[in-house]
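Student: Here you go, my_file_1.cif (mmCIF, C-alpha atoms):
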```cif
data_structure
#
loop_
_atom_site.label_atom_id
_atom_site.label_comp_id
_atom_site.auth_asym_id
_atom_site.auth_seq_id
_atom_site.Cartn_x
_atom_site.Cartn_y
_atom_site.Cartn_z
CA MET A 29 -24.75 -1.50 -1.62
CA GLY A 30 -23.08 -0.66 1.71
CA LEU A 31 -19.37 -1.09 2.26
CA GLU A 32 -20.04 -4.07 4.55
CA GLU A 33 -21.44 -5.98 1.57
CA HIS A 34 -17.90 -5.98 0.17
CA ILE A 35 -16.30 -7.50 3.29
CA ARG A 36 -16.17 -11.28 3.37
CA ASP A 37 -16.00 -13.59 6.39
CA ILE A 38 -13.26 -16.23 6.05
CA PRO A 39 -13.59 -18.88 8.78
CA ASP A 40 -10.44 -20.40 10.29
CA PHE A 41 -7.95 -17.94 8.76
CA PRO A 42 -5.14 -17.49 9.55
CA ARG A 43 -5.76 -20.07 12.34
CA PRO A 44 -8.61 -22.40 13.34
CA GLY A 45 -11.25 -20.54 15.35
CA ILE A 46 -10.50 -17.10 13.87
CA VAL A 47 -13.01 -15.48 11.49
CA PHE A 48 -10.98 -13.24 9.21
CA LYS A 49 -12.61 -10.15 7.69
CA ASP A 50 -11.45 -10.09 4.08
CA ILE A 51 -11.44 -6.51 2.76
CA THR A 52 -10.01 -7.36 -0.69
CA PRO A 53 -13.48 -7.44 -2.38
CA LEU A 54 -13.96 -3.84 -1.23
CA PHE A 55 -10.64 -2.82 -2.85
CA LEU A 56 -11.65 -4.70 -6.02
CA ASP A 57 -14.93 -2.77 -6.43
CA ALA A 58 -14.24 0.66 -7.95
CA GLY A 59 -17.29 2.29 -6.32
CA ALA A 60 -16.65 0.87 -2.85
CA LEU A 61 -12.94 1.76 -3.09
CA ARG A 62 -13.78 5.36 -3.96
CA GLU A 63 -16.46 5.56 -1.24
CA ALA A 64 -14.12 4.30 1.48
CA ILE A 65 -11.34 6.70 0.45
CA ASP A 66 -13.69 9.67 0.32
CA ALA A 67 -15.16 8.88 3.75
CA LEU A 68 -11.74 8.56 5.38
CA ALA A 69 -10.38 11.61 3.54
CA GLY A 70 -13.38 13.64 4.74
CA TYR A 71 -12.42 12.75 8.31
CA ALA A 72 -8.78 13.65 7.57
CA ARG A 73 -9.87 17.05 6.27
CA GLU A 74 -12.04 17.69 9.36
CA LEU A 75 -8.94 17.00 11.45
CA GLU A 76 -6.75 19.20 9.22
CA VAL A 77 -3.97 16.63 9.13
CA ASP A 78 -0.59 17.22 7.51
CA TYR A 79 0.20 13.52 7.10
CA VAL A 80 -1.36 10.06 7.05
CA VAL A 81 0.72 7.17 8.44
CA SER A 82 0.01 3.48 7.81
CA ALA A 83 1.71 0.17 8.49
CA GLU A 84 2.62 -2.19 5.65
CA ALA A 85 1.12 -3.82 3.73
CA ARG A 86 -2.70 -3.59 3.59
CA GLY A 87 -2.70 -0.19 5.33
CA PHE A 88 -0.85 1.27 2.35
CA VAL A 89 -3.72 0.58 -0.09
CA LEU A 90 -6.02 3.28 1.28
CA GLY A 91 -3.39 5.24 3.22
CA GLY A 92 -1.75 6.80 0.16
CA ALA A 93 -5.12 7.55 -1.43
CA VAL A 94 -6.58 9.09 1.73
CA ALA A 95 -3.52 11.31 2.11
CA ALA A 96 -3.64 12.51 -1.50
CA THR A 97 -7.41 13.09 -1.41
CA ALA A 98 -7.10 15.12 1.81
CA GLY A 99 -4.12 17.14 0.53
CA ALA A 100 -1.73 15.51 3.01
CA GLY A 101 1.56 13.63 2.69
CA PHE A 102 1.99 9.92 3.37
CA ILE A 103 4.36 8.30 5.89
CA LEU A 104 5.26 4.61 5.50
CA ALA A 105 5.65 2.54 8.66
CA ARG A 106 7.56 -0.61 7.76
CA LYS A 107 8.99 -3.76 9.25
CA PRO A 108 12.62 -3.44 10.42
CA GLY A 109 15.27 -3.18 7.70
CA LYS A 110 12.98 -2.06 4.88
CA LEU A 111 13.51 1.72 5.06
CA PRO A 112 16.84 2.91 3.66
CA ARG A 113 17.67 5.85 5.97
CA GLU A 114 17.87 6.44 9.74
CA THR A 115 14.70 5.24 11.43
CA ALA A 116 12.76 5.57 14.66
CA SER A 117 11.41 2.25 15.85
CA VAL A 118 8.72 0.94 18.18
CA GLU A 119 8.19 -2.61 19.43
CA TYR A 120 4.76 -3.97 20.16
CA GLN A 121 3.31 -7.13 21.61
CA LEU A 122 1.62 -9.75 19.45
CA GLU A 123 -0.43 -12.62 20.77
CA TYR A 124 2.75 -14.68 20.55
CA GLY A 125 5.95 -12.66 20.57
CA VAL A 126 6.99 -9.15 19.63
CA ASP A 127 6.94 -7.21 16.39
CA ALA A 128 8.37 -3.82 15.42
CA LEU A 129 7.58 -0.95 13.07
CA GLU A 130 9.84 1.84 11.83
CA VAL A 131 9.47 5.23 10.21
CA HIS A 132 12.19 7.44 8.79
CA SER A 133 13.45 9.65 11.63
CA ASP A 134 12.86 12.81 9.59
CA ALA A 135 9.35 11.84 8.43
CA VAL A 136 7.46 13.28 11.41
CA ARG A 137 8.35 16.90 12.13
CA GLY A 138 7.50 18.39 15.53
CA GLY A 139 3.90 19.56 15.83
CA ALA A 140 2.76 17.87 12.63
CA ARG A 141 -0.85 16.67 12.73
CA VAL A 142 -1.02 13.02 11.72
CA LEU A 143 -3.87 10.64 10.93
CA VAL A 144 -3.12 7.01 11.86
CA HIS A 145 -4.77 4.69 9.33
CA ASP A 146 -5.14 0.95 9.07
CA ASP A 147 -7.71 -1.17 7.27
CA LEU A 148 -8.72 -2.97 10.47
CA LEU A 149 -8.98 -2.09 14.18
CA ALA A 150 -8.85 -5.30 16.23
CA THR A 151 -7.05 -5.22 19.60
CA GLY A 152 -5.37 -1.95 18.61
CA GLY A 153 -1.78 -3.15 18.94
CA THR A 154 -0.59 -1.97 15.53
CA ALA A 155 -2.47 1.35 15.73
CA ALA A 156 -1.16 2.04 19.24
CA ALA A 157 2.37 1.36 17.96
CA LEU A 158 1.82 3.83 15.12
CA CYS A 159 0.54 6.42 17.63
CA GLY A 160 3.67 5.86 19.70
CA LEU A 161 5.94 6.39 16.69
CA VAL A 162 4.21 9.69 15.85
CA GLU A 163 4.12 10.99 19.41
CA ASN A 164 7.69 9.96 20.27
CA ALA A 165 8.81 12.00 17.26
CA GLY A 166 6.94 15.09 18.53
CA GLY A 167 3.96 14.78 16.21
CA VAL A 168 0.29 14.97 17.18
CA VAL A 169 -2.09 12.07 16.49
CA ALA A 170 -5.12 14.03 15.30
CA GLY A 171 -7.16 10.84 14.95
CA CYS A 172 -7.21 7.17 13.97
CA ALA A 173 -9.20 5.98 10.94
CA PHE A 174 -10.16 2.44 10.01
CA VAL A 175 -12.42 0.77 7.51
CA ILE A 176 -13.34 -2.13 9.81
CA GLU A 177 -13.60 -2.11 13.61
CA LEU A 178 -14.02 -5.31 15.63
CA ALA A 179 -15.62 -3.50 18.58
CA PHE A 180 -15.72 -6.62 20.79
CA LEU A 181 -11.91 -6.59 20.95
CA ASN A 182 -11.88 -3.11 22.58
CA GLY A 183 -9.17 -1.59 20.43
CA ARG A 184 -10.88 1.80 20.75
CA ALA A 185 -10.28 1.83 24.51
CA ARG A 186 -6.61 1.11 23.94
CA LEU A 187 -6.32 4.16 21.67
CA SER A 188 -8.20 6.43 24.13
CA PRO A 189 -8.28 9.44 24.48
CA ARG A 190 -7.39 9.76 20.79
CA ASP A 191 -10.27 10.20 18.37
CA VAL A 192 -11.28 7.09 16.39
CA ARG A 193 -13.39 6.81 13.25
CA SER A 194 -14.42 3.49 11.64
CA LEU A 195 -16.60 2.95 8.58
CA VAL A 196 -17.92 -0.54 9.39
CA VAL A 197 -18.27 -1.64 13.02
CA TYR A 198 -18.86 -5.26 14.07
CA GLU A 199 -20.26 -5.29 17.62
CA ASP A 200 -20.24 -9.07 18.06
CA GLU A 201 -17.86 -11.83 17.18
CA MET B 20 9.86 21.24 -8.32
CA GLY B 21 9.91 18.12 -10.49
CA LEU B 22 9.09 14.69 -9.09
CA GLU B 23 12.76 13.71 -9.39
CA GLU B 24 13.64 16.33 -6.76
CA HIS B 25 11.73 14.15 -4.26
CA ILE B 26 13.69 10.96 -5.01
CA ARG B 27 16.80 10.44 -2.94
CA ASP B 28 19.91 8.39 -3.80
CA ILE B 29 20.93 6.05 -0.97
CA PRO B 30 24.38 4.56 -1.64
CA ASP B 31 25.07 0.96 -0.58
CA PHE B 32 21.46 -0.02 0.21
CA PRO B 33 20.38 -2.74 0.56
CA ARG B 34 23.91 -4.00 -0.31
CA PRO B 35 27.31 -2.43 -0.94
CA GLY B 36 27.60 -1.16 -4.51
CA ILE B 37 23.84 -0.63 -5.03
CA VAL B 38 22.46 2.92 -5.22
CA PHE B 39 18.89 2.71 -3.94
CA LYS B 40 16.31 5.20 -5.23
CA ASP B 41 14.34 6.25 -2.14
CA ILE B 42 10.81 7.31 -3.15
CA THR B 43 9.55 7.95 0.39
CA PRO B 44 10.23 11.74 0.24
CA LEU B 45 7.90 11.87 -2.78
CA PHE B 46 5.14 10.13 -0.79
CA LEU B 47 5.77 12.52 2.11
CA ASP B 48 5.22 15.64 0.00
CA ALA B 49 1.48 16.25 -0.51
CA GLY B 50 1.96 18.04 -3.84
CA ALA B 51 4.32 15.47 -5.31
CA LEU B 52 2.11 12.60 -4.10
CA ARG B 53 -0.92 14.15 -5.80
CA GLU B 54 1.04 14.88 -8.98
CA ALA B 55 2.34 11.32 -9.28
CA ILE B 56 -1.12 9.83 -8.71
CA ASP B 57 -2.76 12.13 -11.23
CA ALA B 58 -0.12 11.39 -13.89
CA LEU B 59 -0.46 7.61 -13.48
CA ALA B 60 -4.25 7.81 -13.27
CA GLY B 61 -4.32 9.85 -16.49
CA TYR B 62 -2.47 7.00 -18.18
CA ALA B 63 -4.88 4.47 -16.63
CA ARG B 64 -7.83 6.44 -18.04
CA GLU B 65 -6.26 6.59 -21.54
CA LEU B 66 -5.98 2.81 -21.37
CA GLU B 67 -9.57 2.43 -20.06
CA VAL B 68 -8.53 -0.08 -17.42
CA ASP B 69 -10.95 -1.94 -15.17
CA TYR B 70 -8.33 -2.74 -12.51
CA VAL B 71 -4.92 -1.76 -11.22
CA VAL B 72 -2.72 -4.52 -9.77
CA SER B 73 0.34 -3.95 -7.57
CA ALA B 74 2.73 -6.06 -5.54
CA GLU B 75 3.18 -5.52 -1.82
CA ALA B 76 4.29 -3.37 -0.14
CA ARG B 77 5.47 -0.09 -1.75
CA GLY B 78 3.38 -0.70 -4.87
CA PHE B 79 0.23 -0.46 -2.75
CA VAL B 80 0.86 3.20 -1.79
CA LEU B 81 0.06 4.62 -5.22
CA GLY B 82 -1.75 1.56 -6.61
CA GLY B 83 -4.92 2.05 -4.58
CA ALA B 84 -4.95 5.79 -5.24
CA VAL B 85 -4.35 5.42 -8.99
CA ALA B 86 -7.19 2.88 -9.20
CA ALA B 87 -9.63 5.10 -7.31
CA THR B 88 -8.66 8.23 -9.25
CA ALA B 89 -9.13 6.41 -12.57
CA GLY B 90 -12.44 4.84 -11.52
CA ALA B 91 -10.97 1.33 -11.42
CA GLY B 92 -10.77 -1.41 -8.78
CA PHE B 93 -7.57 -2.52 -7.06
CA ILE B 94 -6.07 -6.02 -7.02
CA LEU B 95 -3.52 -6.92 -4.33
CA ALA B 96 -0.64 -9.19 -5.33
CA ARG B 97 0.89 -10.57 -2.15
CA LYS B 98 3.58 -12.91 -0.91
CA PRO B 99 2.42 -16.53 -0.43
CA GLY B 100 0.09 -17.22 2.50
CA LYS B 101 -1.14 -13.65 2.98
CA LEU B 102 -4.39 -13.81 0.98
CA PRO B 103 -7.21 -15.70 2.72
CA ARG B 104 -8.97 -17.35 -0.21
CA GLU B 105 -7.99 -19.53 -3.19
CA THR B 106 -5.11 -17.95 -5.07
CA ALA B 107 -3.31 -18.09 -8.40
CA SER B 108 0.44 -17.95 -7.99
CA VAL B 109 3.50 -17.13 -10.07
CA GLU B 110 7.14 -17.72 -9.24
CA TYR B 111 9.88 -15.42 -10.46
CA GLN B 112 13.63 -15.35 -10.38
CA LEU B 113 15.54 -13.02 -8.07
CA GLU B 114 19.26 -12.35 -8.30
CA TYR B 115 19.68 -15.07 -5.68
CA GLY B 116 16.80 -17.52 -5.47
CA VAL B 117 13.11 -17.51 -6.28
CA ASP B 118 10.17 -15.48 -5.01
CA ALA B 119 6.43 -15.79 -5.60
CA LEU B 120 3.37 -13.56 -5.81
CA GLU B 121 -0.31 -14.48 -5.49
CA VAL B 122 -3.65 -12.94 -6.35
CA HIS B 123 -7.09 -14.20 -5.40
CA SER B 124 -8.22 -16.59 -8.16
CA ASP B 125 -11.47 -14.67 -8.68
CA ALA B 126 -9.83 -11.20 -8.76
CA VAL B 127 -9.09 -11.14 -12.49
CA ARG B 128 -12.12 -11.90 -14.65
CA GLY B 129 -11.62 -12.94 -18.27
CA GLY B 130 -11.13 -9.99 -20.62
CA ALA B 131 -10.62 -7.46 -17.83
CA ARG B 132 -8.22 -4.63 -18.77
CA VAL B 133 -5.56 -4.30 -16.08
CA LEU B 134 -2.84 -1.74 -15.38
CA VAL B 135 0.27 -3.23 -13.75
CA HIS B 136 1.77 -0.69 -11.34
CA ASP B 137 4.90 -0.63 -9.23
CA ASP B 138 6.86 2.28 -7.82
CA LEU B 139 10.08 1.19 -9.58
CA LEU B 140 10.96 -0.56 -12.85
CA ALA B 141 14.42 -2.12 -12.52
CA THR B 142 15.09 -5.46 -14.28
CA GLY B 143 11.35 -5.99 -14.64
CA GLY B 144 11.14 -9.26 -12.72
CA THR B 145 8.29 -8.24 -10.43
CA ALA B 146 6.33 -6.48 -13.17
CA ALA B 147 6.72 -9.42 -15.55
CA ALA B 148 5.43 -11.70 -12.78
CA LEU B 149 2.40 -9.43 -12.32
CA CYS B 150 1.77 -9.51 -16.08
CA GLY B 151 1.93 -13.30 -15.96
CA LEU B 152 -0.62 -13.46 -13.15
CA VAL B 153 -3.05 -11.24 -15.07
CA GLU B 154 -2.62 -12.99 -18.42
CA ASN B 155 -2.74 -16.53 -16.99
CA ALA B 156 -6.11 -15.61 -15.47
CA GLY B 157 -7.44 -14.45 -18.86
CA GLY B 158 -7.03 -10.71 -18.22
CA VAL B 159 -5.40 -8.20 -20.58
CA VAL B 160 -2.39 -6.15 -19.47
CA ALA B 161 -3.38 -2.77 -20.93
CA GLY B 162 -0.11 -1.21 -19.77
CA CYS B 163 2.55 -0.99 -17.07
CA ALA B 164 3.02 2.21 -15.05
CA PHE B 165 5.94 3.17 -12.82
CA VAL B 166 7.14 6.25 -11.02
CA ILE B 167 10.84 5.46 -11.47
CA GLU B 168 12.50 3.58 -14.35
CA LEU B 169 16.15 2.50 -14.23
CA ALA B 170 16.46 2.39 -18.03
CA PHE B 171 20.00 0.96 -17.95
CA LEU B 172 18.61 -2.30 -16.50
CA ASN B 173 16.40 -2.88 -19.59
CA GLY B 174 13.21 -3.77 -17.73
CA ARG B 175 11.19 -2.20 -20.54
CA ALA B 176 12.51 -4.74 -23.06
CA ARG B 177 11.51 -7.56 -20.72
CA LEU B 178 7.92 -6.25 -20.63
CA SER B 179 7.73 -5.82 -24.44
CA PRO B 180 5.42 -5.66 -26.39
CA ARG B 181 3.31 -4.32 -23.52
CA ASP B 182 3.02 -0.55 -23.20
CA VAL B 183 5.15 1.05 -20.46
CA ARG B 184 4.89 4.51 -18.91
CA SER B 185 7.34 5.89 -16.33
CA LEU B 186 7.33 9.34 -14.72
CA VAL B 187 11.06 9.64 -13.93
CA VAL B 188 13.61 7.82 -16.11
CA TYR B 189 17.28 7.38 -15.13
CA GLU B 190 19.28 6.60 -18.28
CA ASP B 191 22.59 5.95 -16.50
CA GLU B 192 23.64 4.16 -13.36
#
```
What do you get writing this file as structure tokens?
Tutor:
Amino acid sequence: MGLEEHIRDIPDFPRPGIVFKDITPLFLDAGALREAIDALAGYARELEVDYVVSAEARGFVLGGAVAATAGAGFILARKPGKLPRETASVEYQLEYGVDALEVHSDAVRGGARVLVHDDLLATGGTAAALCGLVENAGGVVAGCAFVIELAFLNGRARLSPRDVRSLVVYEDE
Amino acid sequence: MGLEEHIRDIPDFPRPGIVFKDITPLFLDAGALREAIDALAGYARELEVDYVVSAEARGFVLGGAVAATAGAGFILARKPGKLPRETASVEYQLEYGVDALEVHSDAVRGGARVLVHDDLLATGGTAAALCGLVENAGGVVAGCAFVIELAFLNGRARLSPRDVRSLVVYEDE
């Protein structure tokens, strides 16, 4: 069974007219969970990354596992106020309003090779913010890895020229 | 270097008088991250669990990795409104006020053996809530696994008679 068999369409979530891709059945299935981690960790190893960075909360589920499987460390990007020490912050635009993500200022050392991971690539706003956090701190975004890519939203173009790998790509809405 | 060398004391966070145990340096260190996952996954294998369940957000970092390493699936427990399908919910008491956690109603099948994981065992409120979610759905809490245990807060007694394993135990405040 392919990974896409474990992704469920949820109409009208979180708002009417949106079809949400629910990845939780993939996390629930031990074989699919292992397969997704191994595929993303293989990409991380190709890129010889030192760290994986993910945004809370769903990005943490595979992010920690991908890092450990690839022999890398894991950097948490969190909403403002959640990290206890000095942070670097980036704001990014949502459909309505602005959000922000933070990492500990000492988490990204200069020249470190970092894999940006999230479960889903949609418009690329969150991933671009993560790239900004890494690059502003002097790190190198070696690549961006997702389970699901909604290709019709053009997130990949927004992350260009950085390398992007996705396990399940939806071409059409 | 022991795991405890990667845990940092942060005085007066999130409030004056509280010493926060910052686990993010442990996640950042590839060797310590791997060691923590392998230790918790070894416990999960002893218990022959089918699933690992964790609460957002920090619990997800090791939860997904422990599940995959032990050959189990992963169940996300989230704050209300975050999961897209029908949920089972549990409320629990905080120092000031009430919080709630939800899992998808179909995530825990009857008789499933589940490991409850969080990064930190303090008073045990969150872990007890996770146990309640699993047991109300007909699952069996095979054990509870933490990286850090603040033994002086007696969370272990609150989880009794369930089995508890912690990697780093602080006996005194």
Student: How many Å separate CA of Gly100 in chain B from CA of Leu120 in chain B?
Tutor: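 Going from CA of Gly100 in chain B over to CA of Leu120 in chain B, I get 9.7 Å.
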Student: Residue by residue, what does the PyMOL selection byres ((chain B) within 8 of (chain A)) grab here? Present the result as an mmCIF file with C-alpha atoms, in the coordinates of the input.
Tutor:
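Result went into out16.cif, see below:
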```
data_model
loop_
_atom_site.group_PDB
_atom_site.id
_atom_site.type_symbol
_atom_site.label_atom_id
_atom_site.label_comp_id
_atom_site.auth_asym_id
_atom_site.auth_seq_id
_atom_site.Cartn_x
_atom_site.Cartn_y
_atom_site.Cartn_z
ATOM 1 C CA ILE B 29 20.930 6.050 -0.970
ATOM 2 C CA PHE B 32 21.460 -0.020 0.210
ATOM 3 C CA PRO B 33 20.380 -2.740 0.560
ATOM 4 C CA PHE B 39 18.890 2.710 -3.940
ATOM 5 C CA ASP B 41 14.340 6.250 -2.140
ATOM 6 C CA THR B 43 9.550 7.950 0.390
ATOM 7 C CA PHE B 46 5.140 10.130 -0.790
ATOM 8 C CA LEU B 47 5.770 12.520 2.110
ATOM 9 C CA ASP B 48 5.220 15.640 0.000
ATOM 10 C CA ALA B 49 1.480 16.250 -0.510
ATOM 11 C CA GLY B 50 1.960 18.040 -3.840
ATOM 12 C CA LEU B 52 2.110 12.600 -4.100
ATOM 13 C CA ARG B 53 -0.920 14.150 -5.800
ATOM 14 C CA TYR B 70 -8.330 -2.740 -12.510
ATOM 15 C CA GLU B 75 3.180 -5.520 -1.820
ATOM 16 C CA ALA B 76 4.290 -3.370 -0.140
ATOM 17 C CA ARG B 77 5.470 -0.090 -1.750
ATOM 18 C CA PHE B 79 0.230 -0.460 -2.750
ATOM 19 C CA VAL B 80 0.860 3.200 -1.790
ATOM 20 C CA LEU B 81 0.060 4.620 -5.220
ATOM 21 C CA GLY B 82 -1.750 1.560 -6.610
ATOM 22 C CA GLY B 83 -4.920 2.050 -4.580
ATOM 23 C CA ALA B 84 -4.950 5.790 -5.240
ATOM 24 C CA VAL B 85 -4.350 5.420 -8.990
ATOM 25 C CA ALA B 86 -7.190 2.880 -9.200
ATOM 26 C CA ALA B 87 -9.630 5.100 -7.310
ATOM 27 C CA THR B 88 -8.660 8.230 -9.250
ATOM 28 C CA GLY B 90 -12.440 4.840 -11.520
ATOM 29 C CA ALA B 91 -10.970 1.330 -11.420
ATOM 30 C CA GLY B 92 -10.770 -1.410 -8.780
ATOM 31 C CA PHE B 93 -7.570 -2.520 -7.060
ATOM 32 C CA ILE B 94 -6.070 -6.020 -7.020
ATOM 33 C CA LEU B 95 -3.520 -6.920 -4.330
ATOM 34 C CA PRO B 103 -7.210 -15.700 2.720
ATOM 35 C CA ARG B 104 -8.970 -17.350 -0.210
ATOM 36 C CA ALA B 126 -9.830 -11.200 -8.760
#
```
Student: Report, in Å to a single decimal, how far apart CA of Tyr62 in chain B and CA of Ala156 in chain B are.
Tutor: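 So the answer is 23.1 Å.
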Student: What gap, in Å, lies between CA of Val153 in chain B and CA of Leu169 in chain B?
Tutor: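 Between CA of Val153 in chain B and CA of Leu169 in chain B the gap is 23.6 Å.
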Student: Report as a PDB file with C-alpha atoms, in the coordinates of the input all protein, DNA and RNA residues lying within 7 Å of range 175-192 of chain B, evaluated on all atoms listed in the file, omitting residues in the same chain fewer than 3 positions from it.
Tutor:
```pdb
ATOM      1  CA  GLU B  23      12.760  13.710  -9.390  1.00  0.00           C
ATOM      2  CA  GLY B 143      11.350  -5.990 -14.640  1.00  0.00           C
ATOM      3  CA  ALA B 147       6.720  -9.420 -15.550  1.00  0.00           C
ATOM      4  CA  GLY B 162      -0.110  -1.210 -19.770  1.00  0.00           C
ATOM      5  CA  CYS B 163       2.550  -0.990 -17.070  1.00  0.00           C
ATOM      6  CA  ALA B 164       3.020   2.210 -15.050  1.00  0.00           C
ATOM      7  CA  PHE B 165       5.940   3.170 -12.820  1.00  0.00           C
ATOM      8  CA  VAL B 166       7.140   6.250 -11.020  1.00  0.00           C
ATOM      9  CA  ILE B 167      10.840   5.460 -11.470  1.00  0.00           C
ATOM     10  CA  GLU B 168      12.500   3.580 -14.350  1.00  0.00           C
ATOM     11  CA  LEU B 169      16.150   2.500 -14.230  1.00  0.00           C
ATOM     12  CA  ALA B 170      16.460   2.390 -18.030  1.00  0.00           C
ATOM     13  CA  PHE B 171      20.000   0.960 -17.950  1.00  0.00           C
TER      14      PHE B 171
END
```
Student: Once the PyMOL selection byres ((chain A and resi 77) around 7) is applied to the coordinates I shared, what remains selected? I want it as JSON, numbers by chain.
Tutor: {"A": [72, 73, 75, 76, 78, 79, 100, 141, 142, 143, 170]}
Student: Given the selection you just returned, output its residues as a file containing C-alpha atoms, formatted as a compact mmCIF listing (two decimals), in the coordinates of the input.
Tutor:
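The resulting file, again-v2.txt, is reproduced below:
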```
# COMPACT_ATOMS: atom_id res chain seq x y z
CA ALA A 72 -8.78 13.65 7.57
CA ARG A 73 -9.87 17.05 6.27
CA LEU A 75 -8.94 17.00 11.45
CA GLU A 76 -6.75 19.20 9.22
CA ASP A 78 -0.59 17.22 7.51
CA TYR A 79 0.20 13.52 7.10
CA ALA A 100 -1.73 15.51 3.01
CA ARG A 141 -0.85 16.67 12.73
CA VAL A 142 -1.02 13.02 11.72
CA LEU A 143 -3.87 10.64 10.93
CA ALA A 170 -5.12 14.03 15.30
```
Student: Evaluate the PyMOL selection byres ((chain A and resi 128) around 6) on the structure here and hand back the selected residues as a count of residues only.
Tutor: 5
